[in-house]
Amino acid sequence: MSSKQKKKTPEQQKYDILQKKHETKRPVLKNCLRAFLVGGIICTIGQAITYFYIYFFNFTEQTAGNPTVATMVFLAMLLTGFGVYDHIGQYGGAGSAVPVTGFSNAVVSAAIEHRTEGLVLGVGGNIFKLAGSVIVFGVFAAFVVALIKTILINWGVL
Amino acid sequence: MLPMFFWAFVVGGIICVIGQLLFDVGKLTPGHTLSLMVVIGAVLDGFGLYEPLIDFAGAGATIPITSFGNSLVHGALNEAERHGIVGVLTGMFEVTSSGISAAIIFGFLGALVFKPKG
Amino acid sequence: MLMGKQSWVFQNKPVIAATGVTGGPFEANGKLAADFDILHDDLWIDEDSYEKAHRVLIEEACETVLKKANLQEEDIHFFIAGDLINQITPTSFSARTNQIPYFGIFGACSTSMEGLALASFMIDHGGAKNIITGSGSHNAAAERQFRYPTEYGGQKPPTAQWTVTGAGFALVKENDGTDENCPVTVSATIGKVVDMGLTDPFNMGGAMAPAATDTILAHFKDLNVDASYYDLIVTGDLGEIGRNTSYELLTNAGVKMDKEKYQDCGLLIYKEDQPVNSGASGSGCSAAVLYGHLLNQMKKGKYKRILVVATGALLSPMSFQQGESIPCIAHAVSIEMP
């Protein structure tokens with residue numbers, strides 16, 4: 001993105017320096033500590049849910065991932081719908097955005113928001129407004145990685 | 001069981017801190033950050049590094065969005081073993097369907113039930 | 001009449017005869033709640049979308065103006081207004097309701113003063129006898145258009161601002177001596193677009209400060225006055241960062257002015273404990289604060305001459321995605337008590 005930005009004139013550069021003096025700096029350390037806390041807690045809850053599925057529902061360590069993720073997605077939907085997740089997000093930053101609950105929040109919040117434009121064009125058309133990039137890049141990256149690895153295996157390199 | 005909770009907390013927390021640094025220092029948008037992390041997860045699984053992380057930290061590695069990239073590569077490679085290169089395409093969504101399907105279903109239900117609070 | 005390079009002087013001193021100010025729940029909890037005519041306790045205002053509620057805020061403000069002036073829509077010659085939403089639909093739909101011949105304008109958050117300048121010019125030159133002008137904004141409608149769905153857990157940085165849910169409208173009419181204790185518009189300076197290359201859409205204040213400075217300096221030059229002529233110079237929504245930055249820019253340019261005299265509507269409207277980061281913003285911010293609080297203060301005798309400098313950031317979500325920086329503009333109108 002920065003390559004698309006025009007080069008700044010000397011006057012603009014001078015203003016940049018002046019403006020940065022007054023620009024409130026992001027509290028990076030505080031944000032990181034909060035992200036660590038919130039992210040850690042969400043993952044710990046995920047771990048508890050995983051064990052719940054293993055011990056009460058006969059899932060194994062390998063297969064418990066699916067219901068765990070679905071449960072976390074459901075919980076995030078409730079928190080989003082009740083207007084709580086945006087406050088968690090303001091506090092926890094990446095701690096709430098990076099876990100799969102953040103993905104769910106991105107999908108659910110877009111769906112809820114665009115209900116006013118109808119179910120088909122509004123909800124259906126906008127539901128992946130925020131999360132679409134994650135799916136697109138995840139799928140494409142995985143395609144490239146898996147393709148390369150498969151070719152290398154077939155050639156006997158790996 | 002208890003050590004797993006601890007490592008889930010720590011590793012999950014660390015992955016989130018990396019995300020936060022991308023937000024605050026890298027000045028990336030959430031869209032850019034999460035897309036980058038998914039790609040990182042995919043690449044790590046390509047090198048066979050993500051599964052050991054899951055064995056070690058459990059939900060600390062399966063809950064962050066990086067595991068989505070890992071699952072996609074995993075599903076693709078599993079199918080590729082059986083069906084060759086075509087399997088790369090067919091296998092990808094087998095493993096991650098629960099996350100995306102759940103998000104779509106619950107997202108749609110949420111839109112029917114909830115109104116935004118502003 | 002043209003004065004200098006980019007300013008007008010209104011020799012017939014058009015009168016701001018009546019105002020109407022509406023707001024939402026955040027504004028009801030703010031510092032200036034007493035200066036609002038109508039306050040709502042939720043963002044939907046019994047409508048089924050935020051954009052429709054946005055329209056209601058504008059309609060109610062206009063109805064209040066007419067009621068206070070004891071006039072009907074048929075008595076008003078023109079309606080000059082705009083907002084932040086795509087194609088300014090809330091304002092246009094309110095024009096559909098009030099059926100007043102309509103100039104839809106867009107200056108982002110500088111729309112209020114763009115409208116007041118144009119209205120004053122038309123009245124001053126006999127182009128109309130009664131004009132209603134103003135602007136409104138709606139927090140949730142602006143958020144979902146410019147940033148993220150309102151329930152999304154995105155983290156706003158401390159430089160971000162909070163869009164006002166509110167509208168401020170005024171009746172500007174020819175000065176025939178019948179309006180007692182009403183402020184008059186004296187001059188206006190039309191801003192030009194200033195872009196210092198800033199790109200962060202979460203730091204509007206920093207982007208807009210140079211535009212405010214540019215217009216204020218142009219105003220002083222064209223009108224041959226300095227800061228001492230005014231009791232108050234108030235910007236629209238520069239917020240904390242924009243205010244401090246533009247104050248330094250003005251001081252460096254030789255303007256001598258106490259910081260107390262240099263205020264910002266975005267910093268006046270909310271309380272310290274409301275979570276608004278750097279302050280309020282939105283096209284309704286300057287309109288609601290001016291047409292409510294500031295004019296009330298003028299009528300009580302606190303200020304005799306004020307200069308209102310509304311500032312706007314002329315970006316769109318798409319321009320940002322295309323790597324463009326944020327061009328800004330500021331329009332100034334001077335208002336005095338006769």
# chains A, B, ... in the order shown; residues from 1 in each chain; ligands from 1
call {"tool": "interface_residues", "arguments": {"of": "chain B", "to": "chain A", "cutoff": "6 Å", "atoms": "only C-alpha atoms", "output": "MDAnalysis selection string"}}
result
chainID B and resid 5 8:9 12:13 16:17 19:20 35 38:39 42 46 59:60 63:65 69 72:73 77 98:99 102:103 107 111 114 116:117
call {"tool": "residues_around", "arguments": {"residues": "Ala207 (chain C)", "least_positions_apart": "5", "cutoff": "8 Å", "atoms": "only C-alpha atoms", "output": "list in words"}}
result
Asp195, Met196, Gly197, Leu198, Thr199, Gly242, Ala313, Ile326, Pro327 and Cys328 of chain C
call {"tool": "residues_around", "arguments": {"residues": "Glu51 (chain B)", "least_positions_apart": "3", "cutoff": "10 Å", "atoms": "only C-alpha atoms", "output": "list in words"}}
result
Leu44, Asp45, Phe47, Gly48, Ile54, Asp55, Phe56, Ala57, Gly58, Ala61, Thr62, Ser67, Asn70, Ser71 and His74 of chain B
call {"tool": "residues_around", "arguments": {"residues": "region 114-118 of chain C", "least_positions_apart": "5", "cutoff": "10 Å", "atoms": "only C-alpha atoms", "output": "PyMOL selection string"}}
result
chain C and resi 7-10+16+79-82+103-109+123-124+131-135+169-172+185-191+287+309-311+330-334
call {"tool": "atom_distance", "arguments": {"atom1": "CA of Asp179 (chain C)", "atom2": "CA of Met337 (chain C)"}}
result
11.6 Å
call {"tool": "interface_residues", "arguments": {"of": "chain C", "to": "chain A", "cutoff": "10 Å", "atoms": "only C-alpha atoms", "output": "compact mmCIF listing (two decimals) with C-alpha atoms, in the first residue's frame"}}
result
# COMPACT_ATOMS: atom_id res chain seq x y z
CA ASP C 48 -36.17 0.60 10.65
CA SER C 49 -32.73 1.77 9.60
CA TYR C 50 -30.07 4.18 10.85
CA GLU C 51 -30.22 6.15 7.62
CA ALA C 140 -24.12 4.44 13.42
CA ARG C 144 -21.25 1.48 8.90
CA TYR C 148 -17.01 -1.08 10.21
CA PRO C 149 -20.39 -2.59 11.17
CA THR C 150 -21.32 -1.16 14.52
CA GLU C 151 -21.07 -4.47 16.39
CA TYR C 152 -17.64 -5.28 14.97
CA GLY C 153 -14.94 -5.61 17.60
CA GLY C 154 -12.45 -3.34 15.91
CA GLN C 155 -10.13 -1.38 18.17
CA LYS C 156 -10.21 2.37 17.68
CA PRO C 157 -6.92 4.18 18.30
CA PRO C 158 -6.79 7.21 20.63
CA THR C 159 -6.74 9.56 17.62
CA ALA C 160 -10.18 8.43 16.47
CA ASP C 195 -3.97 17.98 1.45
CA MET C 196 -0.83 17.47 3.51
CA GLY C 197 -0.48 13.85 2.57
CA LEU C 198 -1.95 12.29 5.70
CA THR C 199 -3.50 8.89 5.11
CA ASN C 203 -6.76 10.62 12.55
CA GLY C 205 -7.99 15.96 13.19
CA GLY C 206 -4.38 15.79 12.10
CA ALA C 207 -5.47 15.76 8.46
CA ALA C 209 -5.74 21.08 10.85
CA PRO C 210 -3.86 22.58 7.86
CA GLU C 240 -7.77 17.32 20.56
CA ILE C 241 -5.04 16.61 18.05
CA GLY C 242 -6.33 18.87 15.31
CA ARG C 243 -6.86 21.76 17.70
CA ASN C 244 -3.34 21.55 19.16
CA THR C 245 -1.78 21.11 15.74
CA SER C 246 -3.64 23.97 14.10
CA GLU C 248 0.76 25.64 16.59
CA LEU C 249 0.45 26.22 12.84
CA ASN C 277 -11.17 9.40 22.14
CA SER C 278 -10.06 12.66 20.53
CA GLN C 321 -8.31 1.72 -0.29
CA GLN C 322 -6.84 3.13 -3.47
CA GLY C 323 -3.97 4.58 -1.49
CA GLU C 324 -5.08 8.20 -1.69
CA SER C 325 -4.29 10.65 1.07
call {"tool": "interface_residues", "arguments": {"of": "chain B", "to": "chain C", "cutoff": "12 Å", "atoms": "only C-alpha atoms", "output": "ChimeraX atom specification"}}
result
/B:20,23-25,27-32,110-111,114-118
call {"tool": "select_by_dssp", "arguments": {"residues": "region 51-103 of chain C", "states": "alpha helix (DSSP H)", "output": "VMD selection string"}}
result
chain C and resid 51 to 69 89 to 98
call {"tool": "residues_around", "arguments": {"residues": "Asp237 (chain C)", "least_positions_apart": "6", "cutoff": "9 Å", "atoms": "only C-alpha atoms", "output": "ChimeraX atom specification"}}
result
/C:109-110,161,204-205,208,243,264-267,279-283,285-286,310-312
call {"tool": "closest_residue", "arguments": {"among": "C:Pro183, C:Lys271, C:Lys13, C:Lys261", "to": "Met1 (chain C)", "atoms": "only C-alpha atoms"}}
result
C:Lys13
call {"tool": "atom_distance", "arguments": {"atom1": "CA of Met92 (chain B)", "atom2": "CA of Met37 (chain B)"}}
result
17.6 Å
call {"tool": "closest_residue", "arguments": {"among": "C:Asp226, C:Glu174, C:Glu59, C:Asp273", "to": "Ala253 (chain C)", "atoms": "only C-alpha atoms"}}
result
C:Asp226
call {"tool": "atom_distance", "arguments": {"atom1": "CA of Pro90 (chain C)", "atom2": "CA of Met113 (chain C)"}}
result
18.4 Å
call {"tool": "residues_around", "arguments": {"residues": "Asn224 (chain C)", "least_positions_apart": "4", "cutoff": "10 Å", "atoms": "only C-alpha atoms", "output": "ChimeraX atom specification"}}
result
/C:3-4,218-220
call {"tool": "write_last_selection", "arguments": {"atoms": "C-alpha atoms", "output": "PDB file, in the first residue's frame"}}
result
ATOM      1  CA  MET C   3     -13.699  40.793  -0.400  1.00  0.00           C
ATOM      2  CA  GLY C   4     -10.115  39.906  -1.025  1.00  0.00           C
ATOM      3  CA  ALA C 218      -7.103  33.696   4.367  1.00  0.00           C
ATOM      4  CA  HIS C 219      -9.980  35.188   6.366  1.00  0.00           C
ATOM      5  CA  PHE C 220      -7.696  37.484   8.362  1.00  0.00           C
TER       6      PHE C 220
END
call {"tool": "closest_residue", "arguments": {"among": "C:Asp35, C:Asp231, C:Glu272, C:Glu180", "to": "Lys259 (chain C)", "atoms": "only C-alpha atoms"}}
result
C:Asp231
call {"tool": "select_by_dssp", "arguments": {"residues": "region 92-212 of chain C", "states": "strand (DSSP E or B)", "output": "number ranges by chain"}}
result
C: 102-104, 107, 109, 130-137, 162-163, 166-173, 184-189, 194
